[in-house]
Each structure stands twice: as C-alpha cells, then as structure tokens.
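Participant: Contents are mmCIF, C-alpha atoms and all ligand atoms; file name query-v1.cif:
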```cif
data_run
#
loop_
_atom_site.label_atom_id
_atom_site.label_comp_id
_atom_site.auth_asym_id
_atom_site.auth_seq_id
_atom_site.Cartn_x
_atom_site.Cartn_y
_atom_site.Cartn_z
CA MET L 12 61.92 130.30 139.84
CA ALA L 13 61.76 127.02 137.95
CA ALA L 14 62.59 123.95 140.04
CA GLY L 15 65.21 123.04 137.45
CA ALA L 16 67.30 126.21 137.61
CA GLY L 17 71.05 125.62 137.88
CA HIS L 18 70.86 121.84 137.33
CA PRO L 19 73.66 119.74 135.83
CA PRO L 20 73.60 118.99 132.08
CA TYR L 21 71.60 115.77 132.29
CA ARG L 22 68.32 115.49 134.15
CA GLY L 23 65.96 112.62 133.44
CA ARG L 24 62.80 111.33 135.06
CA PHE L 25 60.32 108.52 135.47
CA ALA L 26 56.68 109.53 135.53
CA PRO L 27 54.40 106.63 136.49
CA SER L 28 50.61 106.86 136.66
CA PRO L 29 49.20 105.27 139.83
CA THR L 30 46.73 103.10 137.95
CA GLY L 31 48.15 99.85 139.34
CA ALA L 32 51.30 98.22 140.66
CA LEU L 33 54.66 98.68 138.90
CA HIS L 34 54.54 96.09 136.14
CA PHE L 35 57.18 94.81 133.77
CA GLY L 36 56.36 97.33 131.01
CA SER L 37 56.89 100.29 133.36
CA LEU L 38 60.01 98.69 134.81
CA ILE L 39 61.59 98.77 131.34
CA ALA L 40 60.96 102.54 131.10
CA ALA L 41 62.19 103.13 134.66
CA LEU L 42 65.34 101.06 134.13
CA ALA L 43 66.23 102.65 130.78
CA SER L 44 65.70 106.21 132.04
CA TYR L 45 67.62 105.53 135.25
CA ALA L 46 70.58 103.76 133.63
CA ASP L 47 70.82 106.45 130.95
CA ALA L 48 70.76 109.26 133.54
CA ARG L 49 73.27 107.65 135.90
CA ALA L 50 75.60 106.54 133.09
CA HIS L 51 75.74 110.23 132.07
CA GLY L 52 76.38 111.32 135.68
CA GLY L 53 72.93 112.92 135.58
CA GLU L 54 70.04 113.32 137.94
CA TRP L 55 66.89 111.21 137.90
CA LEU L 56 63.59 112.44 139.29
CA VAL L 57 60.29 110.70 139.94
CA ARG L 58 56.97 112.39 139.24
CA MET L 59 53.65 110.79 140.10
CA GLU L 60 51.18 111.46 137.29
CA ASP L 61 48.06 111.32 139.44
CA LEU L 62 45.97 113.96 137.69
CA ASP L 63 43.15 111.65 136.74
CA ARG L 64 41.76 110.65 140.14
CA THR L 65 39.05 108.55 138.45
CA ARG L 66 41.70 106.13 137.10
CA GLU L 67 43.79 106.03 140.25
CA ILE L 68 43.91 102.81 142.27
CA PRO L 69 44.09 103.65 145.99
CA GLY L 70 47.52 102.80 147.38
CA ALA L 71 49.09 102.35 143.92
CA ALA L 72 51.34 105.45 144.14
CA ASP L 73 52.92 104.27 147.40
CA ALA L 74 53.19 100.70 146.11
CA ILE L 75 55.03 101.90 142.97
CA LEU L 76 57.46 103.96 145.06
CA ARG L 77 58.08 101.03 147.45
CA THR L 78 58.80 98.73 144.51
CA LEU L 79 61.13 101.26 142.85
CA ASN L 80 62.97 101.58 146.12
CA ALA L 81 63.18 97.80 146.61
CA CYS L 82 64.58 97.50 143.07
CA GLY L 83 67.38 99.89 144.03
CA PHE L 84 66.25 103.01 142.14
CA ARG L 85 67.31 106.15 144.04
CA TRP L 86 65.69 109.40 142.96
CA ASP L 87 66.95 112.94 143.34
CA GLY L 88 64.99 115.82 144.78
CA PRO L 89 61.46 115.78 146.13
CA LEU L 90 58.74 113.66 144.57
CA VAL L 91 56.34 115.72 142.51
CA TYR L 92 52.62 114.87 142.49
CA GLN L 93 50.72 116.29 139.54
CA SER L 94 47.53 116.48 141.60
CA ARG L 95 49.20 119.35 143.52
CA ARG L 96 50.19 121.29 140.41
CA THR L 97 46.81 122.40 139.09
CA GLN L 98 47.64 126.11 139.36
CA ALA L 99 50.70 125.72 137.14
CA TYR L 100 48.64 123.98 134.45
CA ALA L 101 45.92 126.65 134.70
CA ALA L 102 48.58 129.37 134.30
CA ALA L 103 50.04 127.68 131.20
CA LEU L 104 46.55 127.33 129.72
CA GLU L 105 45.98 131.02 130.39
CA ARG L 106 49.20 131.90 128.55
CA LEU L 107 48.11 129.86 125.54
CA SER L 108 44.66 131.46 125.61
CA GLU L 109 46.15 134.97 125.73
CA ARG L 110 48.03 134.10 122.55
CA GLY L 111 44.78 133.07 120.88
CA LEU L 112 45.90 129.45 120.68
CA THR L 113 42.97 127.85 122.48
CA TYR L 114 39.21 127.69 122.10
CA PRO L 115 36.31 126.29 124.11
CA CYS L 116 34.62 123.19 122.72
CA ALA L 117 31.09 121.99 123.36
CA CYS L 118 31.38 118.60 121.67
CA SER L 119 30.77 115.37 123.54
CA ARG L 120 32.70 112.19 122.74
CA THR L 121 29.61 110.75 121.03
CA GLU L 122 29.23 113.82 118.79
CA ILE L 123 32.91 113.68 117.85
CA ALA L 124 32.77 109.94 117.18
CA ARG L 125 29.84 110.53 114.83
CA LEU L 126 31.62 113.17 112.73
CA ALA L 127 35.32 112.43 113.03
CA ARG L 128 37.68 110.38 110.93
CA ASP L 129 39.72 107.85 112.87
CA GLY L 130 43.40 108.58 113.31
CA SER L 131 46.08 106.45 114.91
CA GLU L 132 45.52 108.30 118.19
CA GLY L 133 41.72 108.12 118.14
CA PRO L 134 39.14 110.29 116.35
CA ILE L 135 40.62 113.36 114.62
CA TYR L 136 38.67 116.34 115.96
CA PRO L 137 36.67 117.72 113.01
CA GLY L 138 36.98 121.35 114.17
CA THR L 139 33.26 121.84 114.92
CA CYS L 140 33.84 124.57 117.56
CA ARG L 141 36.99 126.09 116.08
CA GLY L 142 35.13 129.14 114.76
CA GLY L 143 33.13 129.65 117.98
CA LEU L 144 30.65 127.70 120.07
CA PRO L 145 27.46 126.79 118.16
CA PRO L 146 24.47 128.86 119.40
CA GLY L 147 23.02 127.58 122.67
CA ARG L 148 25.94 125.26 123.39
CA LEU L 149 28.12 125.47 126.49
CA ALA L 150 31.87 124.95 126.66
CA ARG L 151 32.91 121.53 127.95
CA SER L 152 36.61 121.28 127.17
CA ILE L 153 39.39 123.58 125.95
CA ARG L 154 41.40 122.69 122.85
CA LEU L 155 44.66 123.81 121.29
CA ARG L 156 44.37 125.33 117.81
CA THR L 157 46.72 123.36 115.55
CA TYR L 158 47.97 124.40 112.12
CA PRO L 159 49.18 122.25 109.22
CA GLY L 160 52.92 121.60 109.10
CA ASP L 161 55.29 118.86 110.14
CA ILE L 162 56.76 118.66 113.62
CA ARG L 163 60.09 116.87 113.31
CA PHE L 164 62.44 115.44 115.88
CA GLN L 165 65.26 112.97 116.17
CA ASP L 166 64.59 110.17 118.64
CA ARG L 167 67.74 108.60 120.10
CA ILE L 168 66.29 105.10 119.63
CA GLN L 169 63.50 105.41 117.05
CA GLY L 170 65.41 107.73 114.68
CA ALA L 171 63.96 110.59 112.62
CA GLN L 172 60.27 111.26 113.32
CA ARG L 173 57.73 113.61 111.89
CA GLN L 174 54.04 114.24 112.32
CA ASP L 175 51.60 116.85 111.10
CA VAL L 176 49.63 117.23 114.34
CA ALA L 177 46.74 119.07 112.67
CA ALA L 178 46.28 116.21 110.19
CA ALA L 179 47.09 113.25 112.46
CA VAL L 180 45.38 114.34 115.69
CA GLY L 181 43.60 117.64 115.08
CA ASP L 182 42.95 120.34 117.70
CA PHE L 183 43.55 118.41 120.90
CA VAL L 184 42.17 118.79 124.40
CA LEU L 185 44.12 120.76 127.02
CA ARG L 186 41.43 120.77 129.68
CA ARG L 187 38.88 118.01 129.74
CA ALA L 188 35.12 118.32 130.23
CA ASP L 189 35.57 117.14 133.84
CA GLY L 190 37.94 120.07 134.49
CA ILE L 191 41.10 117.90 134.62
CA HIS L 192 44.08 119.24 132.69
CA ALA L 193 45.15 116.88 129.93
CA TYR L 194 48.29 114.75 130.20
CA GLN L 195 49.81 116.51 127.14
CA LEU L 196 49.71 119.91 128.86
CA ALA L 197 50.71 118.70 132.33
CA VAL L 198 53.70 116.71 131.09
CA VAL L 199 55.09 119.66 129.14
CA VAL L 200 54.62 122.11 132.02
CA ASP L 201 56.19 119.75 134.56
CA ASP L 202 59.12 118.59 132.43
CA ALA L 203 60.05 122.26 131.89
CA TRP L 204 59.50 123.25 135.52
CA GLN L 205 61.60 120.34 136.76
CA GLY L 206 64.34 121.11 134.24
CA ILE L 207 64.08 117.71 132.54
CA ASP L 208 66.25 117.74 129.43
CA GLN L 209 66.33 114.03 128.58
CA LEU L 210 63.19 111.94 128.25
CA VAL L 211 63.54 108.17 128.13
CA ARG L 212 60.15 106.46 128.16
CA GLY L 213 57.97 103.82 126.49
CA ALA L 214 57.34 103.90 122.74
CA ASP L 215 53.59 104.08 123.41
CA LEU L 216 54.26 107.81 123.92
CA LEU L 217 56.16 108.30 120.64
CA ALA L 218 53.03 109.57 118.85
CA SER L 219 52.32 112.00 121.73
CA THR L 220 55.73 113.64 121.41
CA PRO L 221 54.86 115.95 118.45
CA ARG L 222 51.92 117.33 120.49
CA GLN L 223 54.32 117.95 123.36
CA LEU L 224 56.87 119.63 121.09
CA LEU L 225 54.10 121.83 119.71
CA LEU L 226 53.06 122.85 123.21
CA GLN L 227 56.67 123.56 124.20
CA GLN L 228 56.98 125.77 121.14
CA SER L 229 53.69 127.55 121.88
CA LEU L 230 54.72 128.18 125.50
CA GLY L 231 58.27 129.26 124.61
CA LEU L 232 59.85 126.28 126.47
CA ARG L 233 63.05 124.42 125.63
CA HIS L 234 62.70 121.05 123.89
CA PRO L 235 64.17 118.07 125.73
CA THR L 236 65.85 115.18 123.90
CA TYR L 237 63.76 112.02 123.46
CA ALA L 238 64.46 108.29 123.53
CA HIS L 239 61.52 105.89 123.28
CA VAL L 240 62.22 102.33 124.38
CA PRO L 241 60.39 99.44 122.68
CA LEU L 242 57.20 98.29 124.31
CA ALA L 243 56.93 94.99 126.05
CA VAL L 244 54.38 92.90 124.21
CA ASP L 245 53.09 89.42 124.85
CA ARG L 246 52.81 86.68 122.23
CA ALA L 247 49.48 88.10 121.08
CA GLY L 248 51.20 91.43 120.37
CA ARG L 249 49.35 93.21 123.17
CA LYS L 250 51.17 95.83 125.17
CA LEU L 251 52.24 93.97 128.28
CA SER L 252 50.77 96.52 130.65
CA LYS L 253 47.37 95.90 129.10
CA SER L 254 47.52 92.11 128.98
CA LEU L 255 46.86 89.43 131.53
CA ALA L 256 50.61 88.93 131.72
CA ALA L 257 51.14 92.33 133.34
CA ALA L 258 52.51 90.75 136.47
CA PRO L 259 53.53 93.21 139.15
CA VAL L 260 57.24 93.34 139.92
CA ASP L 261 57.84 91.55 143.21
CA PRO L 262 59.44 94.01 145.67
CA ALA L 263 60.67 91.07 147.78
CA ASP L 264 62.69 89.66 144.86
CA PRO L 265 63.09 92.27 142.12
CA LEU L 266 66.31 90.97 140.52
CA PRO L 267 64.71 88.47 138.08
CA ALA L 268 62.47 91.21 136.66
CA LEU L 269 65.40 93.65 136.42
CA LEU L 270 67.51 91.07 134.59
CA CYS L 271 64.66 90.36 132.20
CA ALA L 272 64.14 94.10 131.56
CA TRP L 273 67.89 94.57 131.04
CA ALA L 274 67.93 91.79 128.44
CA TRP L 275 64.82 93.29 126.80
CA LEU L 276 66.77 96.55 126.43
CA GLY L 277 69.49 94.69 124.50
CA GLN L 278 72.17 95.31 127.12
CA ARG L 279 75.24 93.19 127.94
CA PRO L 280 74.39 90.59 130.58
CA PRO L 281 75.82 91.11 134.07
CA PRO L 282 78.12 88.47 135.59
CA ALA L 283 76.22 85.24 136.32
CA GLY L 284 74.92 85.00 139.85
CA CYS L 285 75.35 88.71 140.64
CA ALA L 286 73.32 90.24 143.45
CA LEU L 287 71.21 93.43 143.21
CA SER L 288 74.16 95.72 144.04
CA GLY L 289 76.31 93.94 141.43
CA PHE L 290 73.57 94.30 138.86
CA TRP L 291 73.41 98.08 139.39
CA ARG L 292 77.19 98.50 139.26
CA HIS L 293 77.21 96.62 135.97
CA ALA L 294 74.14 98.47 134.65
CA ILE L 295 75.52 101.96 135.24
CA ARG L 296 79.00 101.04 133.98
CA THR L 297 77.89 99.33 130.77
CA TRP L 298 74.59 101.02 129.75
CA CYS L 299 74.61 101.71 126.03
CA CYS L 300 71.59 103.45 124.51
CA ALA L 301 72.74 102.46 121.01
CA ARG L 302 72.14 98.80 121.90
CA VAL L 303 68.43 99.32 122.64
CA PRO L 304 66.38 97.86 119.76
CA ALA L 305 63.94 100.25 118.08
CA ILE L 306 61.19 97.67 117.98
CA ALA L 307 60.41 94.70 120.14
CA CYS L 308 62.47 91.97 118.51
CA ALA L 309 61.32 89.20 120.81
CA CYS L 310 58.17 88.52 122.70
CA ILE L 311 58.01 88.09 126.40
CA ASP L 312 56.38 84.77 127.14
CA PRO L 313 53.31 85.50 129.30
CA GLU L 314 54.06 82.46 131.44
CA ALA L 315 57.67 83.44 131.91
CA SER L 316 56.69 87.03 132.68
CA ALA L 317 54.03 85.87 135.12
CA SER L 318 56.78 84.03 136.97
CA ILE L 319 58.79 87.26 137.19
CA GLY L 320 56.52 88.33 139.98
CA THR L 321 56.56 85.08 141.89
N1 LIG C 401 52.45 108.70 133.09
C1 LIG C 401 52.72 108.08 131.83
C2 LIG C 401 52.55 106.58 131.94
O1 LIG C 401 52.58 106.04 133.04
C3 LIG C 401 54.13 108.35 131.35
C4 LIG C 401 54.27 109.74 130.88
C5 LIG C 401 55.62 110.12 130.30
O2 LIG C 401 56.62 109.43 130.55
O3 LIG C 401 55.66 111.13 129.61
O4 LIG C 401 52.38 105.94 130.92
#
```
Once you've parsed the file, please lay out its structure as structure tokens.
Ligand code: GLU
Facilitator:
Amino acid sequence: MAAGAGHPPYRGRFAPSPTGALHFGSLIAALASYADARAHGGEWLVRMEDLDRTREIPGAADAILRTLNACGFRWDGPLVYQSRRTQAYAAALERLSERGLTYPCACSRTEIARLARDGSEGPIYPGTCRGGLPPGRLARSIRLRTYPGDIRFQDRIQGAQRQDVAAAVGDFVLRRADGIHAYQLAVVVDDAWQGIDQLVRGADLLASTPRQLLLQQSLGLRHPTYAHVPLAVDRAGRKLSKSLAAAPVDPADPLPALLCAWAWLGQRPPPAGCALSGFWRHAIRTWCCARVPAIACACIDPEASASIGT
C-alpha cells in the first residue's frame, strides 16, 4: 500500500539534498512549505534526497535535520531516505519500459556535448540512440522517450506555465551511467508514494516540473499542485546556495535567519522582539501564499546574509 493512503487533504514536504549545511536558500523553501502546510491544517514530511552518494557531504543529512529541529520545524511521519528506495525506482523504471517509453543510451557526456544544441536545462539530447544502440555500443544510461506537445500547469506563485519537454529538454535520463536513478524519476515516485499533494519548493525546480508531470502521466500517478518560491540571489544575481554568501543557518540562533526568510517571502512581519515560539504562532496564523513575490524583488546583501549565521 502507498505510504500516503488515507491522508488528510493537504500533505506537503521538504526534500533537502545532503550536499552541505542548511543554508538560507533552502530555509526559504523549508519555511514556505511548512507555513503553507500548517496554515492549511496539513501534514509536512521531510525526505532526504541522498541518492547521489558522490555529492553527499558526510554528516550533512544529520546537520540539516538538527538545524530544522532547532528552527522549530516539526515533521510528521518517519523520515524517508532516498538511498533506501532503490527498488521502488527500479520498479517504476520497469513499468515505463514495459510501456515502451524508455530506451538504453550509449552516449557519453562528451559525445552529447559535441552534437547537442544547448537548452536552458543543458544540452538537448539529439536522439542518437532513440532508434536503437549503434552497432558495437553498450548501454550506459536509460532515457525516457518524449514526444512533442506542451505540458501545462498552473503554479500557485509563478502563474500559468508551459513547456514542450521534447523540444526544451529532449529524451531525458531516468537511470544514469553510474546506475543511480535520476532525481526526476525518484522525486515523482516518492511524492506519489508519500501521498504528497502540494509541492512548495524553490523556483530553480520550476523548469523540472514539466518533466515530473510527464513522468506522473506516464506512470498513471496523480499530479500534485505546485508553488515555486523565488530564489534567493546575491547582488551578483547568483543563486544564494551557489555563492560565497551561502552562510549556514546557525542552529544556536535561528531566529534572525527565519525572520529574514519570512521577509523574503513577502509576509507580514511578526511583532517586534518576538521569540521563536511567537514567530511560529504568527507565521502559521498569518501565512499568505498570495503575498509571495513571483520573482526576487530585492537582493540579499551577501554581508548581511553572512551575518545571519553568526
Ligand atoms: N533535493 C532538491 C534540492 O535540495 C529538492 C527537490 C524538490 O523539492 O523537488 O534542491
């Protein structure tokens, strides 16, 4: 039975990757998803996206959970670790293959880079192996067969969206050459299994959503509702999590970072001088998704954000 069977109408989640400490950019996604879930009387789950062991920083998963806890986030149900869910991803891949929707691909990154056009999400796979592996070549990865046609959805913050996945991304990887299942497949399988019906996450994943909708459709899964919060950028326009200003949130004093994230999300300020418990009471009582700006309308000053963690 799916883990999500019989759940209340709203179930959200936060799905960090253990590639470092919880930084301000991730805190914004955690805070928005949590406040939205709790304001709707919903559940909020945490899933550790630790599939790619090569990118994992030892100890980061526990550090993220400790910081979330110190911030006052309380999650429902057991933590899910993607590294323990390989069989479920393999089964989903098998279902797609049985429907003729996948094919093995022999191409290396270098070969693709040589032939492919660049899209906004990287090189658009030119379809070299779509009709079968070239003679003498061995399968490295497995791809989804995509077909022309718009995938459309209504984002609660970003508004109407559409993407032709075949044109914008091409046939994308479901299982990588190193045998690891791709994020796009794992996220769809797990969101469905955990009964997640509301996704609130960073706008860096907006362009991934059509691929996820396509996979849900191909696997016969329900589509959740999406809300993508604006990314934190520094003055140079770099995503905060990628810049030098990606200061970790200080678990010993998380309130300044929470207040800064709350303001970033366009929400009404809490009473001056409130403590952590007061902040959360205010946050859950007053959260308003309609106030979240679609794009980053102000920049976080790297110096100010560096001081968040101190
Ligand atoms: N694990 C992803 C990240 O840390 C988030 C995935 C998602 O929310 O769908 O960026």
Participant: Quick one, how far is atom CA of L:Asp166 from atom CA of L:Ser37?
Facilitator: 19.3 Å
Participant: Rounded to one decimal in Å, what is the spacing between atom CA of L:Pro262 and atom CA of L:Ala305?
Facilitator: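 Spanning atom CA of L:Pro262 to atom CA of L:Ala305 is a straight-line distance of 28.6 Å.
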Participant: Smallest atom-to-atom distance to ligand LIG 401 (chain C): which of L:Arg22, L:His34, L:Arg233, L:His293, using only C-alpha atoms and all ligand atoms?
Facilitator: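 Smallest separation from ligand LIG 401 (chain C) among the options: L:His34.
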Participant: Can you work out the spacing between atom CA of L:Asp47 and atom CA of L:Val200 in Å, to one decimal?
Facilitator: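 Distance between the two atoms: 22.6 Å.
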Participant: Using all atoms listed in the file, what are the residues with an atom within 7 Å of ligand LIG 401 (chain C), set out as an MDAnalysis selection string?
Facilitator: chainID L and resid 25:28 60 198 212 216
